[in-house]
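Visitor: Sharing input36.pdb here; it has PDB, C-alpha atoms and all ligand atoms.
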ATOM      1  CA  MET A   1     -11.614 -32.797   7.369  1.00  0.00           C
ATOM      2  CA  ARG A   2     -15.239 -31.726   6.925  1.00  0.00           C
ATOM      3  CA  VAL A   3     -16.806 -29.180   9.264  1.00  0.00           C
ATOM      4  CA  LEU A   4     -20.373 -28.065   9.840  1.00  0.00           C
ATOM      5  CA  SER A   5     -20.562 -25.022  12.124  1.00  0.00           C
ATOM      6  CA  LEU A   6     -23.801 -24.353  13.953  1.00  0.00           C
ATOM      7  CA  ARG A   7     -23.856 -20.688  14.924  1.00  0.00           C
ATOM      8  CA  TYR A   8     -26.225 -20.248  17.860  1.00  0.00           C
ATOM      9  CA  PHE A   9     -27.572 -16.795  18.495  1.00  0.00           C
ATOM     10  CA  ASN A  10     -28.700 -16.399  22.148  1.00  0.00           C
ATOM     11  CA  PRO A  11     -29.678 -19.768  23.640  1.00  0.00           C
ATOM     12  CA  VAL A  12     -32.347 -19.638  26.350  1.00  0.00           C
ATOM     13  CA  GLY A  13     -34.774 -21.999  28.025  1.00  0.00           C
ATOM     14  CA  SER A  14     -34.607 -25.402  29.563  1.00  0.00           C
ATOM     15  CA  ASP A  15     -36.035 -28.853  29.104  1.00  0.00           C
ATOM     16  CA  PRO A  16     -39.806 -28.361  28.537  1.00  0.00           C
ATOM     17  CA  GLY A  17     -40.287 -31.147  31.135  1.00  0.00           C
ATOM     18  CA  LEU A  18     -38.519 -28.836  33.614  1.00  0.00           C
ATOM     19  CA  ARG A  19     -35.937 -31.488  34.497  1.00  0.00           C
ATOM     20  CA  THR A  20     -33.187 -28.895  34.026  1.00  0.00           C
ATOM     21  CA  GLY A  21     -32.910 -25.187  34.713  1.00  0.00           C
ATOM     22  CA  LEU A  22     -30.446 -22.453  35.496  1.00  0.00           C
ATOM     23  CA  GLN A  23     -27.156 -24.180  36.384  1.00  0.00           C
ATOM     24  CA  LEU A  24     -24.939 -21.194  37.171  1.00  0.00           C
ATOM     25  CA  LYS A  25     -24.622 -19.760  40.677  1.00  0.00           C
ATOM     26  CA  ARG A  26     -23.458 -16.434  39.284  1.00  0.00           C
ATOM     27  CA  PRO A  27     -24.991 -16.000  35.818  1.00  0.00           C
ATOM     28  CA  SER A  28     -23.764 -13.185  33.579  1.00  0.00           C
ATOM     29  CA  ARG A  29     -26.244 -13.311  30.726  1.00  0.00           C
ATOM     30  CA  ALA A  30     -29.609 -11.577  30.520  1.00  0.00           C
ATOM     31  CA  LEU A  31     -32.017 -14.421  31.353  1.00  0.00           C
ATOM     32  CA  GLY A  32     -29.856 -15.720  34.210  1.00  0.00           C
ATOM     33  CA  LYS A  33     -29.606 -12.202  35.602  1.00  0.00           C
ATOM     34  CA  LEU A  34     -33.389 -11.821  35.389  1.00  0.00           C
ATOM     35  CA  ILE A  35     -33.914 -15.056  37.325  1.00  0.00           C
ATOM     36  CA  GLN A  36     -31.275 -14.054  39.875  1.00  0.00           C
ATOM     37  CA  ALA A  37     -32.851 -10.593  40.404  1.00  0.00           C
ATOM     38  CA  HIS A  38     -36.314 -12.147  40.741  1.00  0.00           C
ATOM     39  CA  GLN A  39     -35.143 -14.686  43.313  1.00  0.00           C
ATOM     40  CA  ALA A  40     -33.226 -12.058  45.321  1.00  0.00           C
ATOM     41  CA  ARG A  41     -36.068  -9.514  44.909  1.00  0.00           C
ATOM     42  CA  THR A  42     -33.610  -6.958  43.611  1.00  0.00           C
ATOM     43  CA  ALA A  43     -33.825  -4.736  40.546  1.00  0.00           C
ATOM     44  CA  PHE A  44     -32.590  -5.995  37.180  1.00  0.00           C
ATOM     45  CA  SER A  45     -30.106  -3.587  35.579  1.00  0.00           C
ATOM     46  CA  VAL A  46     -30.876  -2.803  31.955  1.00  0.00           C
ATOM     47  CA  THR A  47     -27.375  -2.302  30.608  1.00  0.00           C
ATOM     48  CA  GLY A  48     -27.646   0.213  27.803  1.00  0.00           C
ATOM     49  CA  VAL A  49     -30.740   2.251  27.006  1.00  0.00           C
ATOM     50  CA  ASN A  50     -29.551   4.407  24.115  1.00  0.00           C
ATOM     51  CA  TYR A  51     -28.937   1.874  21.379  1.00  0.00           C
ATOM     52  CA  PRO A  52     -30.476   2.464  17.922  1.00  0.00           C
ATOM     53  CA  THR A  53     -33.261  -0.074  18.562  1.00  0.00           C
ATOM     54  CA  ARG A  54     -37.034   0.413  18.900  1.00  0.00           C
ATOM     55  CA  ASP A  55     -36.827   1.104  22.645  1.00  0.00           C
ATOM     56  CA  GLY A  56     -33.137   1.924  23.048  1.00  0.00           C
ATOM     57  CA  THR A  57     -32.149  -1.367  24.706  1.00  0.00           C
ATOM     58  CA  GLY A  58     -30.006  -4.131  23.238  1.00  0.00           C
ATOM     59  CA  ILE A  59     -31.654  -6.487  20.770  1.00  0.00           C
ATOM     60  CA  ARG A  60     -30.899 -10.223  20.546  1.00  0.00           C
ATOM     61  CA  ASP A  61     -32.241 -13.360  18.892  1.00  0.00           C
ATOM     62  CA  TYR A  62     -33.196 -15.667  21.787  1.00  0.00           C
ATOM     63  CA  VAL A  63     -33.450 -19.247  20.537  1.00  0.00           C
ATOM     64  CA  HIS A  64     -34.685 -22.133  22.663  1.00  0.00           C
ATOM     65  CA  VAL A  65     -32.206 -24.861  23.655  1.00  0.00           C
ATOM     66  CA  TRP A  66     -34.750 -27.505  22.678  1.00  0.00           C
ATOM     67  CA  ASP A  67     -34.763 -26.156  19.110  1.00  0.00           C
ATOM     68  CA  LEU A  68     -30.957 -26.072  19.154  1.00  0.00           C
ATOM     69  CA  ALA A  69     -30.924 -29.721  20.227  1.00  0.00           C
ATOM     70  CA  ALA A  70     -33.168 -30.570  17.266  1.00  0.00           C
ATOM     71  CA  ALA A  71     -30.781 -28.707  14.940  1.00  0.00           C
ATOM     72  CA  HIS A  72     -27.896 -30.857  16.196  1.00  0.00           C
ATOM     73  CA  ILE A  73     -29.804 -34.049  15.450  1.00  0.00           C
ATOM     74  CA  ALA A  74     -30.618 -32.789  11.946  1.00  0.00           C
ATOM     75  CA  ALA A  75     -26.956 -31.809  11.462  1.00  0.00           C
ATOM     76  CA  ILE A  76     -25.784 -35.320  12.338  1.00  0.00           C
ATOM     77  CA  GLU A  77     -28.406 -36.936  10.135  1.00  0.00           C
ATOM     78  CA  ARG A  78     -27.625 -34.721   7.132  1.00  0.00           C
ATOM     79  CA  PHE A  79     -23.889 -34.215   7.668  1.00  0.00           C
ATOM     80  CA  ASP A  80     -22.742 -36.286   4.670  1.00  0.00           C
ATOM     81  CA  THR A  81     -25.061 -34.526   2.246  1.00  0.00           C
ATOM     82  CA  ILE A  82     -24.187 -31.029   3.528  1.00  0.00           C
ATOM     83  CA  CYS A  83     -20.425 -31.488   3.879  1.00  0.00           C
ATOM     84  CA  THR A  84     -19.058 -33.313   0.871  1.00  0.00           C
ATOM     85  CA  GLN A  85     -15.561 -33.669  -0.618  1.00  0.00           C
ATOM     86  CA  ALA A  86     -16.448 -30.802  -2.990  1.00  0.00           C
ATOM     87  CA  GLN A  87     -17.977 -28.611  -0.244  1.00  0.00           C
ATOM     88  CA  ARG A  88     -16.053 -29.503   2.892  1.00  0.00           C
ATOM     89  CA  ALA A  89     -17.266 -26.785   5.258  1.00  0.00           C
ATOM     90  CA  ALA A  90     -20.518 -24.984   5.905  1.00  0.00           C
ATOM     91  CA  ALA A  91     -21.826 -22.584   8.538  1.00  0.00           C
ATOM     92  CA  VAL A  92     -25.459 -22.299   9.513  1.00  0.00           C
ATOM     93  CA  ASN A  93     -27.014 -19.558  11.643  1.00  0.00           C
ATOM     94  CA  LEU A  94     -29.514 -20.798  14.218  1.00  0.00           C
ATOM     95  CA  GLY A  95     -31.942 -18.145  15.379  1.00  0.00           C
ATOM     96  CA  THR A  96     -35.616 -17.318  15.287  1.00  0.00           C
ATOM     97  CA  GLY A  97     -35.438 -14.365  12.920  1.00  0.00           C
ATOM     98  CA  ASN A  98     -37.023 -12.250  15.631  1.00  0.00           C
ATOM     99  CA  GLY A  99     -35.196  -9.624  17.584  1.00  0.00           C
ATOM    100  CA  THR A 100     -36.171  -9.072  21.205  1.00  0.00           C
ATOM    101  CA  THR A 101     -35.065  -6.011  23.139  1.00  0.00           C
ATOM    102  CA  VAL A 102     -34.121  -6.150  26.805  1.00  0.00           C
ATOM    103  CA  ARG A 103     -37.328  -4.340  27.754  1.00  0.00           C
ATOM    104  CA  GLU A 104     -39.344  -6.882  25.733  1.00  0.00           C
ATOM    105  CA  LEU A 105     -37.442  -9.704  27.436  1.00  0.00           C
ATOM    106  CA  CYS A 106     -38.315  -8.212  30.837  1.00  0.00           C
ATOM    107  CA  ALA A 107     -41.986  -7.913  29.815  1.00  0.00           C
ATOM    108  CA  ALA A 108     -42.051 -11.572  28.675  1.00  0.00           C
ATOM    109  CA  PHE A 109     -40.450 -12.577  31.990  1.00  0.00           C
ATOM    110  CA  ASN A 110     -43.027 -10.576  33.941  1.00  0.00           C
ATOM    111  CA  ASN A 111     -45.839 -12.340  32.073  1.00  0.00           C
ATOM    112  CA  VAL A 112     -44.908 -15.625  33.725  1.00  0.00           C
ATOM    113  CA  VAL A 113     -43.879 -14.643  37.247  1.00  0.00           C
ATOM    114  CA  SER A 114     -46.201 -13.757  40.105  1.00  0.00           C
ATOM    115  CA  THR A 115     -44.224 -10.757  41.360  1.00  0.00           C
ATOM    116  CA  PRO A 116     -43.224  -8.354  38.580  1.00  0.00           C
ATOM    117  CA  LEU A 117     -39.558  -7.566  38.397  1.00  0.00           C
ATOM    118  CA  LYS A 118     -38.308  -4.041  38.941  1.00  0.00           C
ATOM    119  CA  THR A 119     -35.741  -2.720  36.486  1.00  0.00           C
ATOM    120  CA  VAL A 120     -33.206   0.050  36.714  1.00  0.00           C
ATOM    121  CA  ASP A 121     -31.587   1.723  33.724  1.00  0.00           C
ATOM    122  CA  ALA A 122     -27.795   1.463  33.671  1.00  0.00           C
ATOM    123  CA  GLY A 123     -24.954   2.373  31.341  1.00  0.00           C
ATOM    124  CA  PRO A 124     -23.871   0.009  28.559  1.00  0.00           C
ATOM    125  CA  ARG A 125     -21.457  -2.828  29.318  1.00  0.00           C
ATOM    126  CA  PRO A 126     -17.960  -2.104  27.975  1.00  0.00           C
ATOM    127  CA  GLY A 127     -17.665  -3.257  24.387  1.00  0.00           C
ATOM    128  CA  ASP A 128     -21.350  -4.164  24.127  1.00  0.00           C
ATOM    129  CA  VAL A 129     -23.257  -3.762  20.874  1.00  0.00           C
ATOM    130  CA  ALA A 130     -26.850  -2.964  19.889  1.00  0.00           C
ATOM    131  CA  GLY A 131     -27.129  -6.574  18.714  1.00  0.00           C
ATOM    132  CA  GLY A 132     -28.983  -8.368  15.952  1.00  0.00           C
ATOM    133  CA  TYR A 133     -30.975 -11.379  14.813  1.00  0.00           C
ATOM    134  CA  THR A 134     -30.803 -13.845  11.980  1.00  0.00           C
ATOM    135  CA  PRO A 135     -33.100 -15.357   9.389  1.00  0.00           C
ATOM    136  CA  SER A 136     -33.013 -19.157   9.467  1.00  0.00           C
ATOM    137  CA  ASP A 137     -33.532 -19.765   5.719  1.00  0.00           C
ATOM    138  CA  ARG A 138     -30.197 -21.545   5.372  1.00  0.00           C
ATOM    139  CA  ALA A 139     -30.945 -23.753   8.358  1.00  0.00           C
ATOM    140  CA  GLU A 140     -34.283 -24.630   6.813  1.00  0.00           C
ATOM    141  CA  GLU A 141     -32.714 -25.348   3.429  1.00  0.00           C
ATOM    142  CA  LEU A 142     -29.771 -27.427   4.683  1.00  0.00           C
ATOM    143  CA  LEU A 143     -31.114 -28.957   7.894  1.00  0.00           C
ATOM    144  CA  GLY A 144     -34.861 -28.869   7.310  1.00  0.00           C
ATOM    145  CA  TRP A 145     -34.886 -26.934  10.595  1.00  0.00           C
ATOM    146  CA  THR A 146     -37.164 -24.173  11.750  1.00  0.00           C
ATOM    147  CA  PRO A 147     -37.486 -23.031  15.349  1.00  0.00           C
ATOM    148  CA  LYS A 148     -40.678 -24.296  17.023  1.00  0.00           C
ATOM    149  CA  LEU A 149     -40.565 -22.592  20.421  1.00  0.00           C
ATOM    150  CA  SER A 150     -40.877 -18.896  21.102  1.00  0.00           C
ATOM    151  CA  LEU A 151     -39.704 -16.788  24.011  1.00  0.00           C
ATOM    152  CA  GLU A 152     -43.209 -17.046  25.466  1.00  0.00           C
TER     153      GLU A 152
HETATM  154  O1  LIG A 201     -27.706  -7.925  33.560  1.00  0.00           O
HETATM  155  C1  LIG A 201     -27.884  -7.754  32.334  1.00  0.00           C
HETATM  156  C2  LIG A 201     -27.316  -8.621  31.359  1.00  0.00           C
HETATM  157  C3  LIG A 201     -27.548  -8.354  30.018  1.00  0.00           C
HETATM  158  N1  LIG A 201     -28.306  -7.292  29.662  1.00  0.00           N
HETATM  159  C4  LIG A 201     -28.553  -7.002  28.240  1.00  0.00           C
HETATM  160  O2  LIG A 201     -29.174  -8.124  27.680  1.00  0.00           O
HETATM  161  C5  LIG A 201     -28.776  -8.288  26.311  1.00  0.00           C
HETATM  162  C6  LIG A 201     -28.223  -9.673  26.132  1.00  0.00           C
HETATM  163  O3  LIG A 201     -27.036  -9.830  26.910  1.00  0.00           O
HETATM  164  P1  LIG A 201     -26.356 -11.284  27.138  1.00  0.00           P
HETATM  165  O4  LIG A 201     -25.136 -11.095  27.974  1.00  0.00           O
HETATM  166  O5  LIG A 201     -27.386 -12.247  27.628  1.00  0.00           O
HETATM  167  O6  LIG A 201     -25.996 -11.766  25.680  1.00  0.00           O
HETATM  168  P2  LIG A 201     -24.898 -11.194  24.657  1.00  0.00           P
HETATM  169  O7  LIG A 201     -25.419 -11.502  23.290  1.00  0.00           O
HETATM  170  O8  LIG A 201     -24.576  -9.775  24.903  1.00  0.00           O
HETATM  171  O9  LIG A 201     -23.580 -12.028  24.939  1.00  0.00           O
HETATM  172  C7  LIG A 201     -23.620 -13.414  25.239  1.00  0.00           C
HETATM  173  O10 LIG A 201     -23.908 -14.201  24.167  1.00  0.00           O
HETATM  174  C8  LIG A 201     -22.931 -14.152  23.136  1.00  0.00           C
HETATM  175  C9  LIG A 201     -23.403 -15.086  22.042  1.00  0.00           C
HETATM  176  O11 LIG A 201     -24.624 -14.680  21.564  1.00  0.00           O
HETATM  177  C10 LIG A 201     -21.570 -14.560  23.658  1.00  0.00           C
HETATM  178  O12 LIG A 201     -21.587 -15.925  24.061  1.00  0.00           O
HETATM  179  C11 LIG A 201     -21.208 -13.674  24.820  1.00  0.00           C
HETATM  180  O13 LIG A 201     -19.965 -14.107  25.374  1.00  0.00           O
HETATM  181  C12 LIG A 201     -22.275 -13.757  25.864  1.00  0.00           C
HETATM  182  O14 LIG A 201     -22.018 -12.849  26.936  1.00  0.00           O
HETATM  183  C13 LIG A 201     -27.749  -7.187  26.037  1.00  0.00           C
HETATM  184  O15 LIG A 201     -28.400  -6.119  25.400  1.00  0.00           O
HETATM  185  C14 LIG A 201     -27.289  -6.765  27.432  1.00  0.00           C
HETATM  186  O16 LIG A 201     -26.892  -5.415  27.475  1.00  0.00           O
HETATM  187  C15 LIG A 201     -28.898  -6.445  30.601  1.00  0.00           C
HETATM  188  O17 LIG A 201     -29.599  -5.496  30.267  1.00  0.00           O
HETATM  189  N2  LIG A 201     -28.635  -6.708  31.914  1.00  0.00           N
END
Could you render the structure from this file as structure tokens?
Guide:
Amino acid sequence: MRVLSLRYFNPVGSDPGLRTGLQLKRPSRALGKLIQAHQARTAFSVTGVNYPTRDGTGIRDYVHVWDLAAAHIAAIERFDTICTQAQRAAAVNLGTGNGTTVRELCAAFNNVVSTPLKTVDAGPRPGDVAGGYTPSDRAEELLGWTPKLSLE
């Protein structure tokens, strides 16, 4: 068996034609929670404000679903050259290479909504980590893939 693993970092976004959007009634992840708080006009809880990051909040690599879709197409097209009998398995990180903190995510959200969101600082979620982000050199080398869309 030959396996090509695509390791998404934090997928966000929707179809740029806006034919899809948030599908979950009770989202648990940051962007879904931001949308939920905005719609309900409640405060968004920033879970963890003392991490060793530039503003103390968790840092993640938010990568657009449209870019992830393009990576899948490239993976199918190049599968036989990446995964050979000699090299049967490969793993590729898919991220933007840019870390975004929760406060930066909130600021980006507020740039595109009419009513700015209020935030409240809260304790860290159990087991949560400061986070990280990934370079996409390997994805570029193997898949010819680079992310095209930013958080903005
Ligand atoms: O209401 C919230 C929700 C999240 N965050 C913060 O936002 C950042 C991102 O949190 P997410 O839950 O959106 O993403 P995680 O990377 O922490 O985890 C999610 O993405 C992972 C893969 O990247 C796994 O799939 C995991 O199960 C899933 O919860 C974290 O710093 C978190 O503390 C808040 O401040 N408030």
Visitor: Convert the output of the PyMOL selection byres (((chain A and resi 5-16) around 7) and not hetatm) on the shown file into explicit residues, formatted as a PyMOL selection string.
Guide: chain A and resi 3-4+17-21+60-66+90-95
Visitor: Taking into account all atoms listed in the file, which residue in the set A:Glu141, A:Asp80, A:Glu152, A:Asp128 is nearest to Tyr51 of chain A?
Guide: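 That would be A:Asp128, the residue with the smallest distance to Tyr51 of chain A.
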Visitor: Quick check, in Å to one decimal: how far apart do atom CA of Gly132 of chain A and atom CA of Gly99 of chain A lie?
Guide: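 Computing it gives 6.5 Å between the two atoms.
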Visitor: Mind listing the residues within 6 Å of ligand LIG 201 (chain A), all atoms listed in the file counted, as a list in words?
Guide: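 Those within range of ligand LIG 201 (chain A) are Phe9, Asn10, Arg29, Ala30, Lys33, Ser45, Val46, Thr47, Gly48, Gly58, Ile59 and Val102 of chain A.
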Visitor: In terms of the shortest atom-to-atom distance over only C-alpha atoms, which of A:Ala75, A:Ala70, A:Pro126, A:Gln23 is closest to Leu149 of chain A?
Guide: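 Using only C-alpha atoms, the shortest distance to Leu149 of chain A belongs to A:Ala70.
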Visitor: Contacts of Ile73 of chain A at 12 Å or less, counting only C-alpha atoms, minus same-chain residues fewer than 6 places along, as a list of chain:residue names?
Guide: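 Here the qualifying residues turn out to be A:Leu6, A:Trp66, A:Asp67, A:Phe79, A:Leu143, A:Gly144, A:Trp145.
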Visitor: So, with all atoms listed in the file as the atoms that count, which of A:Ala74, A:Arg54, A:Pro124, A:Val113 lies closest to Thr101 of chain A?
Guide: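 The shortest atom-to-atom distance to Thr101 of chain A comes from A:Arg54.
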Visitor: Select, counting all atoms listed in the file, all protein, DNA and RNA residues no farther than 12 Å from (-39.2, -8.7, 45.6) in file coordinates, and express the selection as an MDAnalysis selection string.
Guide: chainID A and resid 35:44 113:119
Visitor: Between atom CA of Pro52 of chain A and atom CA of Ala130 of chain A, what is the distance, to one decimal in Å?
Guide: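 Value for the atom CA of Pro52 of chain A-atom CA of Ala130 of chain A distance: 6.8 Å.
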Visitor: Figure out the distance between atom CA of Ser136 of chain A and atom CA of Arg78 of chain A, please, to one decimal in Å.
Guide: 16.6 Å
Visitor: Could you give me, as a short mmCIF file (atom, residue, chain, number, x, y, z; two decimals) with C-alpha atoms, in the coordinates of the input, the residues that sit within 9 Å of (-41.4, -15.5, 24.4) in the file's coordinates, counting all atoms listed in the file?
Guide:
data_model
loop_
_atom_site.label_atom_id
_atom_site.label_comp_id
_atom_site.auth_asym_id
_atom_site.auth_seq_id
_atom_site.Cartn_x
_atom_site.Cartn_y
_atom_site.Cartn_z
CA TYR A 62 -33.20 -15.67 21.79
CA THR A 100 -36.17 -9.07 21.20
CA GLU A 104 -39.34 -6.88 25.73
CA LEU A 105 -37.44 -9.70 27.44
CA ALA A 108 -42.05 -11.57 28.68
CA PHE A 109 -40.45 -12.58 31.99
CA LEU A 149 -40.56 -22.59 20.42
CA SER A 150 -40.88 -18.90 21.10
CA LEU A 151 -39.70 -16.79 24.01
CA GLU A 152 -43.21 -17.05 25.47
#
Visitor: Would you please work out which residue, of A:Gly127, A:Glu140, A:Cys83, A:Leu31, is nearest to Thr96 of chain A when using all atoms listed in the file?
Guide: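 Looking at the shortest contact to Thr96 of chain A, the residue is A:Glu140.
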Visitor: Using only C-alpha atoms, which residue out of A:Thr84, A:Thr146, A:Asn98, A:Asn111 lies closest to Met1 of chain A?
Guide: A:Thr84
Visitor: Taking every listed atom of segment 62-71 of chain A and adding 4 Å to each side, what centre and edge lengths in Å (one decimal) does the axis-aligned box have, as lines of an AutoDock Vina configuration file?
Guide:
center_x = -32.8
center_y = -23.1
center_z = 19.3
size_x = 12.0
size_y = 22.9
size_z = 16.7
Visitor: Out of A:Cys106, A:Ala71, A:Lys148, A:Gly97, which residue has the shortest atom-to-atom distance to Thr134 of chain A when counting only C-alpha atoms?
Guide: A:Gly97
